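Chemist: Below is a structure I'd like to ask you about.
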There are 2 protein chains.
Amino acid sequence: MDNKLPTVKEIARRLNVSVSTVSRALSDHPRIGLRTKTKVQELAKEMNYEPNAKAIFFKQRKSFIVGVILPYIREEFFSEAISGIEAAAMEHEYTILFGQSYDNPEREKQVVDTMKKQRVDGLIISLSKQTNKYEHLQALDKYDIPVVYFDRVPAIENVHKVYCDLYQGTTEMVNWLFNRGYRRVAFINGPEKLQASKERLKGYLEGVTRQKLKIDMQMVETTDLSKESTHQAMKKLLSLKNRPHAIVTFNDYVHMDAVQYAEQHNVQINKDIAFVSYANLPITSYTAFPPLASIEQYPYGQGKKAMELMIRILQEKSAGTTVPDTHHTEKVMPTLVMHHPVAR
Amino acid sequence: MDNKLPTVKEIARRLNVSVSTVSRALSDHPRIGLRTKTKVQELAKEMNYEPNAKAIFFKQRKSFIVGVILPYIREEFFSEAISGIEAAAMEHEYTILFGQSYDNPEREKQVVDTMKKQRVDGLIISLSKQTNKYEHLQALDKYDIPVVYFDRVPAIENVHKVYCDLYQGTTEMVNWLFNRGYRRVAFINGPEKLQASKERLKGYLEGVTRQKLKIDMQMVETTDLSKESTHQAMKKLLSLKNRPHAIVTFNDYVHMDAVQYAEQHNVQINKDIAFVSYANLPITSYTAFPPLASIEQYPYGQGKKAMELMIRILQEKSAGTTVPDTHHTEKVMPTLVMHHPVAR
DNA sequence: TTGTAGGCGTTATCAC
DNA sequence: GTGATAACGCCTACAA
């Protein structure tokens, strides 16, 4: 095995021409002799020559690598999202540097740092659920690394972001439940800091208000998304004198934990109490008790859009047509999906 | 926003020293004046200087980027695996370039090509289930890019690989079933080409043989892992005159599809027929009918080992202590995990 | 049509 | 202790 990879220099040496000639021949430069061109290209092929991307990237100050940071890849929502990101990346010959924050701001900072060191062309991130400071991300501006936030976006304005506004979707869901006769609708929300939680809560309150009912804050619980916390919330709801007729949960994982608790406490799922949720993950169709309805958030589509936005930003940047302080926000419209309750 | 990132050169200019001095001061070179050193380091900090990894990698012919190609990230098995890979990578300051093959050899080739172009330091791959030619991967040798296969490994010898040998585990599982009184044990295997299928089949046959029973090939079906194919296999098994007492499925996804079919055809899961499986994915605990037992394959551990092996290879390489034609194989021991059947 | 030379940011090897 | 210079592989203006 010849350890030395072929370079333009080596090709030039063997052919007794200059490196520039080789470089031009390989890139089909117009002003190049046909004979020389074919000669060079043949030898290049024979030697299995491939341009060294590291050198090119170094020179061009680009790497075609975009960093992607997600909380947990094993959540189907995020694995779908990264697939969308990858699809858009491939189309435009970009590649993905991968990292997880595990919902830990410290680790998130660390991963951001690694990406910064690697000098990725850009960074796409879905924030850790505890992150409420964005210095480490805004600092990337200094390194000329654009950031696109998606799904879990920060509560600040002047940034690029792609997300699914669940305000309206939640209102619709509450209406749908009332129309089916569920009067007392409870809500297990996510961490209050999350933008996503705020939207959902707003939508829920709006939905209840529209029904001209008094808002009962006993019907609203929060979970930090852990199983224990969700069980705790369920405990409170089930111990109410007037148990809810329906429970809206923050997402399908919370749904599964909530249902698990309810089942253990002899609640007939979707009979005694109806459960509805967000995300509409494929995996729920295999579970014992899928939610009665779920709000589809199109993670694949969100990921794809985020990457497409990133590419647009990068192209504008290299074309020098960037308008300073212009920031893009793209919203993805959620959809309410009904499921048939499983007959048992 | 100053578009120019600070460089050693810029620092040198401002301090009226040479670039070498700056470089040395920043890397704590022994022969450097304390005054100069602090002066340089302070300015560097003030300017938010960060060495340009692209330039360094280019010079050092290393990037600390390892490519990782998986069939489907949304399978929990693989998202666990990549988490193990990431953990080991972080420990050693490596990063991960991510790509999926979607079990499509064409796409796999394409992704391998992208990684080659990016000149990753190494490549970790779990093969697409259809891949039976390895030229595109062995060609990476020419570019001095080592390959570590994991879980779905090729049926050839002289390569680095990490996998979980299920031969013995399968035999144990069959024994366990016989001991609990299940005499007719059927088996829905995966694609025959897969190394993993061969091992499982061998283990199954060994298990049946040890019980001094005649092997009945009607009890052995295969699936291409799609839902339709699995349903087809189930259809055949359920239409047998002597239905199996227990069914071993290739993995938890096949299990879920198989159970779904059985349920639709009025089989009492784990009563009429017992179901056992491989992988032991966390998600099964939320499903309607988890397998009675499952063989844990430790995807996280496998991924971690694969990355650790890769790092060892890379270190040997750069230390120049590589022994040619030496290839490492690491096996991970699977474990049989019992579940309590869900009471209904 | 082809060659020469400079530069991208860094580090290592000389010299002083 | 510090400075000048070469080198990594490639591209490209400028020269010829």
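Here's how to read the names in the structure tokens: chain A, B, ... by the order shown, residue numbers from 1 in each chain, ligand numbers from 1 in the order shown.
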Using only C-alpha atoms (C1' of nucleotides), which chain B residues lie at most 12 Å away from chain D, written as a PDB file with all heavy atoms, in the first residue's frame?
Modeler:
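So the final result, stored in out-v6.pdb, reads:
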```
ATOM      1  N   ALA B  12       0.823  38.984  16.093  1.00  0.00           N
ATOM      2  CA  ALA B  12       2.242  39.306  15.938  1.00  0.00           C
ATOM      3  C   ALA B  12       2.405  40.762  15.493  1.00  0.00           C
ATOM      4  O   ALA B  12       3.227  41.494  16.025  1.00  0.00           O
ATOM      5  CB  ALA B  12       2.866  38.361  14.924  1.00  0.00           C
ATOM      6  N   ASN B  16       4.293  43.605  17.541  1.00  0.00           N
ATOM      7  CA  ASN B  16       5.621  43.798  16.976  1.00  0.00           C
ATOM      8  C   ASN B  16       6.581  42.672  17.323  1.00  0.00           C
ATOM      9  O   ASN B  16       7.732  42.900  17.681  1.00  0.00           O
ATOM     10  CB  ASN B  16       6.210  45.122  17.451  1.00  0.00           C
ATOM     11  CG  ASN B  16       6.045  46.184  16.393  1.00  0.00           C
ATOM     12  OD1 ASN B  16       6.260  45.905  15.203  1.00  0.00           O
ATOM     13  ND2 ASN B  16       5.651  47.373  16.813  1.00  0.00           N
ATOM     14  N   VAL B  17       6.037  41.448  17.233  1.00  0.00           N
ATOM     15  CA  VAL B  17       6.912  40.286  17.399  1.00  0.00           C
ATOM     16  C   VAL B  17       6.677  39.394  16.188  1.00  0.00           C
ATOM     17  O   VAL B  17       5.855  39.707  15.333  1.00  0.00           O
ATOM     18  CB  VAL B  17       6.592  39.507  18.689  1.00  0.00           C
ATOM     19  CG1 VAL B  17       6.916  40.336  19.915  1.00  0.00           C
ATOM     20  CG2 VAL B  17       5.147  39.064  18.695  1.00  0.00           C
ATOM     21  N   SER B  18       7.382  38.292  16.121  1.00  0.00           N
ATOM     22  CA  SER B  18       7.214  37.408  14.966  1.00  0.00           C
ATOM     23  C   SER B  18       6.117  36.378  15.221  1.00  0.00           C
ATOM     24  O   SER B  18       5.753  36.107  16.367  1.00  0.00           O
ATOM     25  CB  SER B  18       8.519  36.674  14.666  1.00  0.00           C
ATOM     26  OG  SER B  18       8.706  35.671  15.624  1.00  0.00           O
ATOM     27  N   VAL B  19       5.627  35.819  14.168  1.00  0.00           N
ATOM     28  CA  VAL B  19       4.561  34.812  14.304  1.00  0.00           C
ATOM     29  C   VAL B  19       5.048  33.623  15.105  1.00  0.00           C
ATOM     30  O   VAL B  19       4.286  33.019  15.852  1.00  0.00           O
ATOM     31  CB  VAL B  19       4.059  34.333  12.931  1.00  0.00           C
ATOM     32  CG1 VAL B  19       3.228  35.390  12.240  1.00  0.00           C
ATOM     33  CG2 VAL B  19       5.193  33.873  12.065  1.00  0.00           C
ATOM     34  N   SER B  20       6.300  33.279  14.940  1.00  0.00           N
ATOM     35  CA  SER B  20       6.792  32.101  15.675  1.00  0.00           C
ATOM     36  C   SER B  20       6.727  32.357  17.172  1.00  0.00           C
ATOM     37  O   SER B  20       6.367  31.468  17.943  1.00  0.00           O
ATOM     38  CB  SER B  20       8.217  31.746  15.268  1.00  0.00           C
ATOM     39  OG  SER B  20       8.745  32.654  14.367  1.00  0.00           O
ATOM     40  N   THR B  21       7.051  33.568  17.555  1.00  0.00           N
ATOM     41  CA  THR B  21       6.983  33.886  18.975  1.00  0.00           C
ATOM     42  C   THR B  21       5.552  33.724  19.480  1.00  0.00           C
ATOM     43  O   THR B  21       5.319  33.125  20.527  1.00  0.00           O
ATOM     44  CB  THR B  21       7.435  35.338  19.213  1.00  0.00           C
ATOM     45  OG1 THR B  21       8.744  35.493  18.651  1.00  0.00           O
ATOM     46  CG2 THR B  21       7.452  35.663  20.678  1.00  0.00           C
ATOM     47  N   VAL B  22       4.640  34.231  18.718  1.00  0.00           N
ATOM     48  CA  VAL B  22       3.239  34.118  19.117  1.00  0.00           C
ATOM     49  C   VAL B  22       2.829  32.660  19.230  1.00  0.00           C
ATOM     50  O   VAL B  22       2.265  32.233  20.240  1.00  0.00           O
ATOM     51  CB  VAL B  22       2.321  34.834  18.096  1.00  0.00           C
ATOM     52  CG1 VAL B  22       0.866  34.597  18.451  1.00  0.00           C
ATOM     53  CG2 VAL B  22       2.636  36.307  18.058  1.00  0.00           C
ATOM     54  N   SER B  23       3.174  31.919  18.199  1.00  0.00           N
ATOM     55  CA  SER B  23       2.820  30.505  18.191  1.00  0.00           C
ATOM     56  C   SER B  23       3.381  29.815  19.430  1.00  0.00           C
ATOM     57  O   SER B  23       2.685  29.059  20.100  1.00  0.00           O
ATOM     58  CB  SER B  23       3.368  29.850  16.918  1.00  0.00           C
ATOM     59  OG  SER B  23       3.169  28.467  16.965  1.00  0.00           O
ATOM     60  N   ARG B  24       4.646  30.112  19.725  1.00  0.00           N
ATOM     61  CA  ARG B  24       5.283  29.474  20.879  1.00  0.00           C
ATOM     62  C   ARG B  24       4.642  29.924  22.183  1.00  0.00           C
ATOM     63  O   ARG B  24       4.398  29.121  23.080  1.00  0.00           O
ATOM     64  CB  ARG B  24       6.768  29.802  20.874  1.00  0.00           C
ATOM     65  CG  ARG B  24       7.524  28.918  19.914  1.00  0.00           C
ATOM     66  CD  ARG B  24       9.023  29.103  20.077  1.00  0.00           C
ATOM     67  NE  ARG B  24       9.486  30.298  19.397  1.00  0.00           N
ATOM     68  CZ  ARG B  24      10.319  30.280  18.357  1.00  0.00           C
ATOM     69  NH1 ARG B  24      10.764  29.142  17.880  1.00  0.00           N
ATOM     70  NH2 ARG B  24      10.693  31.394  17.795  1.00  0.00           N
ATOM     71  N   ALA B  25       4.365  31.207  22.288  1.00  0.00           N
ATOM     72  CA  ALA B  25       3.771  31.727  23.519  1.00  0.00           C
ATOM     73  C   ALA B  25       2.426  31.037  23.772  1.00  0.00           C
ATOM     74  O   ALA B  25       2.102  30.680  24.895  1.00  0.00           O
ATOM     75  CB  ALA B  25       3.569  33.224  23.405  1.00  0.00           C
ATOM     76  N   HIS B  29       5.577  27.069  24.939  1.00  0.00           N
ATOM     77  CA  HIS B  29       6.901  26.564  24.614  1.00  0.00           C
ATOM     78  C   HIS B  29       7.850  26.877  25.771  1.00  0.00           C
ATOM     79  O   HIS B  29       7.745  27.930  26.390  1.00  0.00           O
ATOM     80  CB  HIS B  29       7.378  27.259  23.326  1.00  0.00           C
ATOM     81  CG  HIS B  29       8.595  26.644  22.727  1.00  0.00           C
ATOM     82  ND1 HIS B  29       8.520  25.646  21.769  1.00  0.00           N
ATOM     83  CD2 HIS B  29       9.917  26.870  22.936  1.00  0.00           C
ATOM     84  CE1 HIS B  29       9.740  25.302  21.419  1.00  0.00           C
ATOM     85  NE2 HIS B  29      10.605  26.023  22.109  1.00  0.00           N
ATOM     86  N   PRO B  30       8.779  25.957  26.116  1.00  0.00           N
ATOM     87  CA  PRO B  30       9.669  26.203  27.266  1.00  0.00           C
ATOM     88  C   PRO B  30      10.566  27.436  27.072  1.00  0.00           C
ATOM     89  O   PRO B  30      10.659  28.277  27.964  1.00  0.00           O
ATOM     90  CB  PRO B  30      10.497  24.916  27.346  1.00  0.00           C
ATOM     91  CG  PRO B  30      10.295  24.205  26.047  1.00  0.00           C
ATOM     92  CD  PRO B  30       8.958  24.631  25.549  1.00  0.00           C
ATOM     93  N   ARG B  31      11.202  27.546  25.910  1.00  0.00           N
ATOM     94  CA  ARG B  31      12.144  28.655  25.728  1.00  0.00           C
ATOM     95  C   ARG B  31      11.413  29.925  25.289  1.00  0.00           C
ATOM     96  O   ARG B  31      11.466  30.317  24.132  1.00  0.00           O
ATOM     97  CB  ARG B  31      13.181  28.281  24.680  1.00  0.00           C
ATOM     98  CG  ARG B  31      14.174  27.258  25.176  1.00  0.00           C
ATOM     99  CD  ARG B  31      15.318  27.148  24.199  1.00  0.00           C
ATOM    100  NE  ARG B  31      14.844  27.152  22.819  1.00  0.00           N
ATOM    101  CZ  ARG B  31      15.636  26.942  21.773  1.00  0.00           C
ATOM    102  NH1 ARG B  31      16.918  26.716  21.933  1.00  0.00           N
ATOM    103  NH2 ARG B  31      15.154  26.942  20.550  1.00  0.00           N
ATOM    104  N   ILE B  32      10.668  30.502  26.185  1.00  0.00           N
ATOM    105  CA  ILE B  32       9.949  31.720  25.822  1.00  0.00           C
ATOM    106  C   ILE B  32       9.919  32.664  27.030  1.00  0.00           C
ATOM    107  O   ILE B  32       9.732  32.223  28.169  1.00  0.00           O
ATOM    108  CB  ILE B  32       8.518  31.381  25.345  1.00  0.00           C
ATOM    109  CG1 ILE B  32       7.816  32.600  24.758  1.00  0.00           C
ATOM    110  CG2 ILE B  32       7.687  30.825  26.462  1.00  0.00           C
ATOM    111  CD1 ILE B  32       8.136  32.841  23.323  1.00  0.00           C
ATOM    112  N   GLY B  33      10.157  33.930  26.794  1.00  0.00           N
ATOM    113  CA  GLY B  33      10.200  34.874  27.900  1.00  0.00           C
ATOM    114  C   GLY B  33       8.860  35.024  28.592  1.00  0.00           C
ATOM    115  O   GLY B  33       7.820  35.039  27.929  1.00  0.00           O
ATOM    116  N   LEU B  34       8.871  35.033  29.873  1.00  0.00           N
ATOM    117  CA  LEU B  34       7.614  35.080  30.611  1.00  0.00           C
ATOM    118  C   LEU B  34       6.833  36.339  30.244  1.00  0.00           C
ATOM    119  O   LEU B  34       5.620  36.291  30.056  1.00  0.00           O
ATOM    120  CB  LEU B  34       7.898  35.076  32.123  1.00  0.00           C
ATOM    121  CG  LEU B  34       6.651  35.060  33.006  1.00  0.00           C
ATOM    122  CD1 LEU B  34       5.816  33.814  32.704  1.00  0.00           C
ATOM    123  CD2 LEU B  34       7.026  35.102  34.478  1.00  0.00           C
ATOM    124  N   ARG B  35       7.543  37.449  30.142  1.00  0.00           N
ATOM    125  CA  ARG B  35       6.861  38.701  29.821  1.00  0.00           C
ATOM    126  C   ARG B  35       6.169  38.618  28.468  1.00  0.00           C
ATOM    127  O   ARG B  35       4.986  38.930  28.327  1.00  0.00           O
ATOM    128  CB  ARG B  35       7.861  39.864  29.810  1.00  0.00           C
ATOM    129  CG  ARG B  35       8.024  40.546  31.151  1.00  0.00           C
ATOM    130  CD  ARG B  35       8.019  42.077  31.046  1.00  0.00           C
ATOM    131  NE  ARG B  35       8.655  42.610  29.859  1.00  0.00           N
ATOM    132  CZ  ARG B  35       9.963  42.761  29.677  1.00  0.00           C
ATOM    133  NH1 ARG B  35      10.800  42.382  30.630  1.00  0.00           N
ATOM    134  NH2 ARG B  35      10.435  43.272  28.564  1.00  0.00           N
ATOM    135  N   THR B  36       6.932  38.168  27.462  1.00  0.00           N
ATOM    136  CA  THR B  36       6.354  38.041  26.124  1.00  0.00           C
ATOM    137  C   THR B  36       5.158  37.103  26.166  1.00  0.00           C
ATOM    138  O   THR B  36       4.117  37.362  25.561  1.00  0.00           O
ATOM    139  CB  THR B  36       7.394  37.440  25.156  1.00  0.00           C
ATOM    140  OG1 THR B  36       8.688  37.654  25.671  1.00  0.00           O
ATOM    141  CG2 THR B  36       7.244  38.021  23.781  1.00  0.00           C
ATOM    142  N   LYS B  37       5.366  36.001  26.871  1.00  0.00           N
ATOM    143  CA  LYS B  37       4.313  34.991  26.913  1.00  0.00           C
ATOM    144  C   LYS B  37       3.003  35.584  27.411  1.00  0.00           C
ATOM    145  O   LYS B  37       1.960  35.472  26.761  1.00  0.00           O
ATOM    146  CB  LYS B  37       4.737  33.834  27.800  1.00  0.00           C
ATOM    147  CG  LYS B  37       3.853  32.608  27.621  1.00  0.00           C
ATOM    148  CD  LYS B  37       4.475  31.360  28.205  1.00  0.00           C
ATOM    149  CE  LYS B  37       4.220  31.272  29.690  1.00  0.00           C
ATOM    150  NZ  LYS B  37       4.786  29.996  30.235  1.00  0.00           N
ATOM    151  N   LYS B  54      -8.940  24.279  10.801  1.00  0.00           N
ATOM    152  CA  LYS B  54      -8.790  23.870   9.401  1.00  0.00           C
ATOM    153  C   LYS B  54      -7.334  23.915   8.985  1.00  0.00           C
ATOM    154  O   LYS B  54      -6.838  23.019   8.315  1.00  0.00           O
ATOM    155  CB  LYS B  54      -9.614  24.777   8.491  1.00  0.00           C
ATOM    156  CG  LYS B  54     -11.086  24.453   8.491  1.00  0.00           C
ATOM    157  CD  LYS B  54     -11.806  25.218   7.385  1.00  0.00           C
ATOM    158  CE  LYS B  54     -13.311  25.121   7.532  1.00  0.00           C
ATOM    159  NZ  LYS B  54     -13.930  26.440   7.682  1.00  0.00           N
ATOM    160  N   ALA B  55      -6.670  24.996   9.379  1.00  0.00           N
ATOM    161  CA  ALA B  55      -5.265  25.130   9.009  1.00  0.00           C
ATOM    162  C   ALA B  55      -4.418  24.061   9.694  1.00  0.00           C
ATOM    163  O   ALA B  55      -3.562  23.429   9.074  1.00  0.00           O
ATOM    164  CB  ALA B  55      -4.766  26.512   9.396  1.00  0.00           C
ATOM    165  N   ILE B  56      -4.681  23.842  10.961  1.00  0.00           N
ATOM    166  CA  ILE B  56      -3.903  22.862  11.708  1.00  0.00           C
ATOM    167  C   ILE B  56      -4.112  21.460  11.155  1.00  0.00           C
ATOM    168  O   ILE B  56      -3.168  20.703  10.930  1.00  0.00           O
ATOM    169  CB  ILE B  56      -4.283  22.912  13.201  1.00  0.00           C
ATOM    170  CG1 ILE B  56      -3.931  24.283  13.766  1.00  0.00           C
ATOM    171  CG2 ILE B  56      -3.576  21.816  13.968  1.00  0.00           C
ATOM    172  CD1 ILE B  56      -4.363  24.499  15.185  1.00  0.00           C
ATOM    173  N   PHE B  57      -5.363  21.135  10.930  1.00  0.00           N
ATOM    174  CA  PHE B  57      -5.663  19.800  10.412  1.00  0.00           C
ATOM    175  C   PHE B  57      -4.998  19.609   9.066  1.00  0.00           C
ATOM    176  O   PHE B  57      -4.480  18.545   8.744  1.00  0.00           O
ATOM    177  CB  PHE B  57      -7.168  19.609  10.271  1.00  0.00           C
ATOM    178  CG  PHE B  57      -7.902  19.702  11.564  1.00  0.00           C
ATOM    179  CD1 PHE B  57      -9.259  19.956  11.585  1.00  0.00           C
ATOM    180  CD2 PHE B  57      -7.231  19.519  12.767  1.00  0.00           C
ATOM    181  CE1 PHE B  57      -9.943  20.040  12.780  1.00  0.00           C
ATOM    182  CE2 PHE B  57      -7.906  19.607  13.979  1.00  0.00           C
ATOM    183  CZ  PHE B  57      -9.269  19.870  13.968  1.00  0.00           C
ATOM    184  N   PHE B  58      -5.058  20.639   8.285  1.00  0.00           N
ATOM    185  CA  PHE B  58      -4.457  20.575   6.972  1.00  0.00           C
ATOM    186  C   PHE B  58      -2.970  20.272   7.102  1.00  0.00           C
ATOM    187  O   PHE B  58      -2.421  19.400   6.431  1.00  0.00           O
ATOM    188  CB  PHE B  58      -4.678  21.906   6.257  1.00  0.00           C
ATOM    189  CG  PHE B  58      -3.814  22.125   5.078  1.00  0.00           C
ATOM    190  CD1 PHE B  58      -3.813  21.203   4.036  1.00  0.00           C
ATOM    191  CD2 PHE B  58      -2.998  23.232   5.004  1.00  0.00           C
ATOM    192  CE1 PHE B  58      -3.016  21.410   2.933  1.00  0.00           C
ATOM    193  CE2 PHE B  58      -2.203  23.436   3.899  1.00  0.00           C
ATOM    194  CZ  PHE B  58      -2.198  22.523   2.862  1.00  0.00           C
ATOM    195  N   LYS B  59      -2.343  20.978   8.006  1.00  0.00           N
ATOM    196  CA  LYS B  59      -0.910  20.784   8.181  1.00  0.00           C
ATOM    197  C   LYS B  59      -0.613  19.414   8.784  1.00  0.00           C
ATOM    198  O   LYS B  59       0.298  18.722   8.344  1.00  0.00           O
ATOM    199  CB  LYS B  59      -0.361  21.880   9.084  1.00  0.00           C
ATOM    200  CG  LYS B  59       1.143  21.997   9.022  1.00  0.00           C
ATOM    201  CD  LYS B  59       1.636  23.154   9.839  1.00  0.00           C
ATOM    202  CE  LYS B  59       3.106  22.981  10.206  1.00  0.00           C
ATOM    203  NZ  LYS B  59       3.957  22.745   9.052  1.00  0.00           N
ATOM    204  N   GLN B  60      -1.382  19.044   9.776  1.00  0.00           N
ATOM    205  CA  GLN B  60      -1.110  17.781  10.476  1.00  0.00           C
ATOM    206  C   GLN B  60      -1.664  16.564   9.760  1.00  0.00           C
ATOM    207  O   GLN B  60      -1.498  15.460  10.195  1.00  0.00           O
ATOM    208  CB  GLN B  60      -1.707  17.830  11.873  1.00  0.00           C
ATOM    209  CG  GLN B  60      -1.159  18.963  12.716  1.00  0.00           C
ATOM    210  CD  GLN B  60      -1.610  18.835  14.139  1.00  0.00           C
ATOM    211  OE1 GLN B  60      -2.628  18.192  14.431  1.00  0.00           O
ATOM    212  NE2 GLN B  60      -0.858  19.425  15.044  1.00  0.00           N
ATOM    213  N   ARG B  61      -2.369  16.808   8.705  1.00  0.00           N
ATOM    214  CA  ARG B  61      -3.017  15.719   7.983  1.00  0.00           C
ATOM    215  C   ARG B  61      -3.935  14.906   8.889  1.00  0.00           C
ATOM    216  O   ARG B  61      -3.986  13.687   8.827  1.00  0.00           O
ATOM    217  CB  ARG B  61      -1.977  14.775   7.362  1.00  0.00           C
ATOM    218  CG  ARG B  61      -1.245  15.377   6.231  1.00  0.00           C
ATOM    219  CD  ARG B  61       0.183  15.679   6.496  1.00  0.00           C
ATOM    220  NE  ARG B  61       0.887  15.687   5.229  1.00  0.00           N
ATOM    221  CZ  ARG B  61       1.272  14.584   4.596  1.00  0.00           C
ATOM    222  NH1 ARG B  61       1.065  13.403   5.118  1.00  0.00           N
ATOM    223  NH2 ARG B  61       1.879  14.664   3.436  1.00  0.00           N
ATOM    224  N   LYS B  62      -4.630  15.586   9.737  1.00  0.00           N
ATOM    225  CA  LYS B  62      -5.607  14.936  10.622  1.00  0.00           C
ATOM    226  C   LYS B  62      -6.755  15.905  10.797  1.00  0.00           C
ATOM    227  O   LYS B  62      -6.578  17.112  10.714  1.00  0.00           O
ATOM    228  CB  LYS B  62      -4.996  14.710  12.009  1.00  0.00           C
ATOM    229  CG  LYS B  62      -4.179  13.476  12.137  1.00  0.00           C
ATOM    230  CD  LYS B  62      -4.062  13.178  13.607  1.00  0.00           C
ATOM    231  CE  LYS B  62      -2.630  12.934  13.995  1.00  0.00           C
ATOM    232  NZ  LYS B  62      -2.440  12.910  15.448  1.00  0.00           N
TER     233      LYS B  62
END
```
Chemist: Would you pick out the contacts of segment 237-254 of chain B at 9 Å or less, using only C-alpha atoms (C1' of nucleotides), so that residues sharing its chain but fewer than 5 positions from it are not included, and give the list as a PyMOL selection string?
Modeler: chain B and resi 75+173-174+177+181-190+197+200+218-223+225-227+230+232+259+262+265+270+272-281+284+290-291+294-295
Chemist: Report as a tab-separated table: every residue of chain A with an atom at most 8 Å from chain B, its closest pair of atoms, and their distance in Å to one decimal, counting only C-alpha atoms, with rows sorted by chain and ascending residue number.
Modeler:
```
residue	atom	partner	partner_atom	distance
A:Met1	CA	B:Lys142	CA	7.0
A:Asp2	CA	B:Lys142	CA	7.5
A:Asn3	CA	B:Asp144	CA	6.9
A:Leu5	CA	B:Tyr143	CA	6.4
A:Glu50	CA	B:Lys117	CA	7.4
A:Pro51	CA	B:Lys117	CA	7.7
A:Asn52	CA	B:Arg119	CA	7.2
A:Ala53	CA	B:Gln118	CA	5.6
A:Lys54	CA	B:Phe58	CA	5.5
A:Ala55	CA	B:Phe58	CA	5.8
A:Phe57	CA	B:Lys54	CA	7.3
A:Phe58	CA	B:Lys54	CA	5.4
A:Ile73	CA	B:Ser79	CA	5.9
A:Arg74	CA	B:Ser79	CA	5.0
A:Glu75	CA	B:Arg74	CA	7.9
A:Glu76	CA	B:Arg74	CA	5.8
A:Ser79	CA	B:Arg74	CA	5.0
A:Glu80	CA	B:Arg74	CA	6.6
A:Ser83	CA	B:Ile73	CA	7.9
A:Glu86	CA	B:Gly99	CA	7.3
A:Thr95	CA	B:Leu97	CA	7.1
A:Ile96	CA	B:Phe98	CA	5.5
A:Leu97	CA	B:Leu97	CA	4.5
A:Phe98	CA	B:Ile96	CA	5.5
A:Gly99	CA	B:Glu86	CA	7.3
A:Thr114	CA	B:Thr95	CA	7.9
A:Lys117	CA	B:Ala53	CA	6.1
A:Gln118	CA	B:Ala53	CA	5.6
A:Arg119	CA	B:Ala53	CA	6.6
A:Asp141	CA	B:Met1	CA	8.0
A:Lys142	CA	B:Met1	CA	7.0
A:Tyr143	CA	B:Leu5	CA	6.3
A:Asp144	CA	B:Asn3	CA	6.9
A:Met256	CA	B:Tyr286	CA	6.7
A:Gln260	CA	B:Tyr286	CA	7.9
A:Tyr286	CA	B:Thr287	CA	5.7
A:Thr287	CA	B:Thr287	CA	3.8
A:Ala288	CA	B:Ala288	CA	3.5
A:Phe289	CA	B:Ala288	CA	7.3
```
Chemist: Keeping only C-alpha atoms, take the residues you just selected and write them out as a tab-separated table (two decimals), in the first residue's frame.
Modeler:
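And here is the file that came out, part21.tsv:
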```tsv
chain	number	residue	atom	x	y	z
A	1	MET	CA	0.00	0.00	0.00
A	2	ASP	CA	1.51	3.30	-1.06
A	3	ASN	CA	1.07	5.51	1.92
A	5	LEU	CA	-1.80	10.00	-1.53
A	50	GLU	CA	-8.83	12.90	-5.37
A	51	PRO	CA	-8.42	16.53	-4.41
A	52	ASN	CA	-7.62	16.93	-0.76
A	53	ALA	CA	-10.68	18.55	0.69
A	54	LYS	CA	-8.79	19.67	3.76
A	55	ALA	CA	-6.48	21.79	1.65
A	57	PHE	CA	-11.46	24.00	2.56
A	58	PHE	CA	-8.54	25.58	4.26
A	73	ILE	CA	-31.06	11.50	19.22
A	74	ARG	CA	-32.94	8.51	20.54
A	75	GLU	CA	-36.15	10.48	20.66
A	76	GLU	CA	-37.87	9.71	17.43
A	79	SER	CA	-33.98	11.32	14.72
A	80	GLU	CA	-36.65	12.28	12.20
A	83	SER	CA	-32.95	12.87	8.74
A	86	GLU	CA	-29.37	15.26	6.26
A	95	THR	CA	-22.24	17.18	5.58
A	96	ILE	CA	-23.26	16.99	9.21
A	97	LEU	CA	-21.12	17.09	12.31
A	98	PHE	CA	-23.17	15.49	15.03
A	99	GLY	CA	-23.50	16.18	18.75
A	114	THR	CA	-16.06	21.60	19.82
A	117	LYS	CA	-13.02	24.63	17.19
A	118	GLN	CA	-13.78	22.52	14.17
A	119	ARG	CA	-14.83	25.70	12.40
A	141	ASP	CA	-21.13	35.44	15.59
A	142	LYS	CA	-17.57	36.47	16.32
A	143	TYR	CA	-16.35	33.43	14.46
A	144	ASP	CA	-18.64	34.13	11.62
A	256	MET	CA	-46.63	7.30	27.50
A	260	GLN	CA	-48.44	4.17	32.35
A	286	TYR	CA	-47.14	0.17	18.61
A	287	THR	CA	-47.86	1.25	22.14
A	288	ALA	CA	-50.55	-0.14	24.35
A	289	PHE	CA	-52.52	3.09	24.36
```
Chemist: Go ahead and compute the interatomic distance for atom CA of Leu127 of chain A and atom CA of Met217 of chain A, in Å to one decimal.
Modeler: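 These two atoms are separated by 28.0 Å.
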Chemist: Using only C-alpha atoms (C1' of nucleotides), find which residues of chain C lie within 12 Å of chain A and jot them down as a list in words.
Modeler: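 Residues satisfying the distance criterion: DT1, DT2, DG3, DT4, DA5, DG7, DC8, DG9 and DT10 of chain C.
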Chemist: Go ahead and compute the interatomic distance for atom CA of Leu140 of chain B and atom CA of Met307 of chain B, in Å to one decimal.
Modeler: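 It comes out at 17.5 Å.
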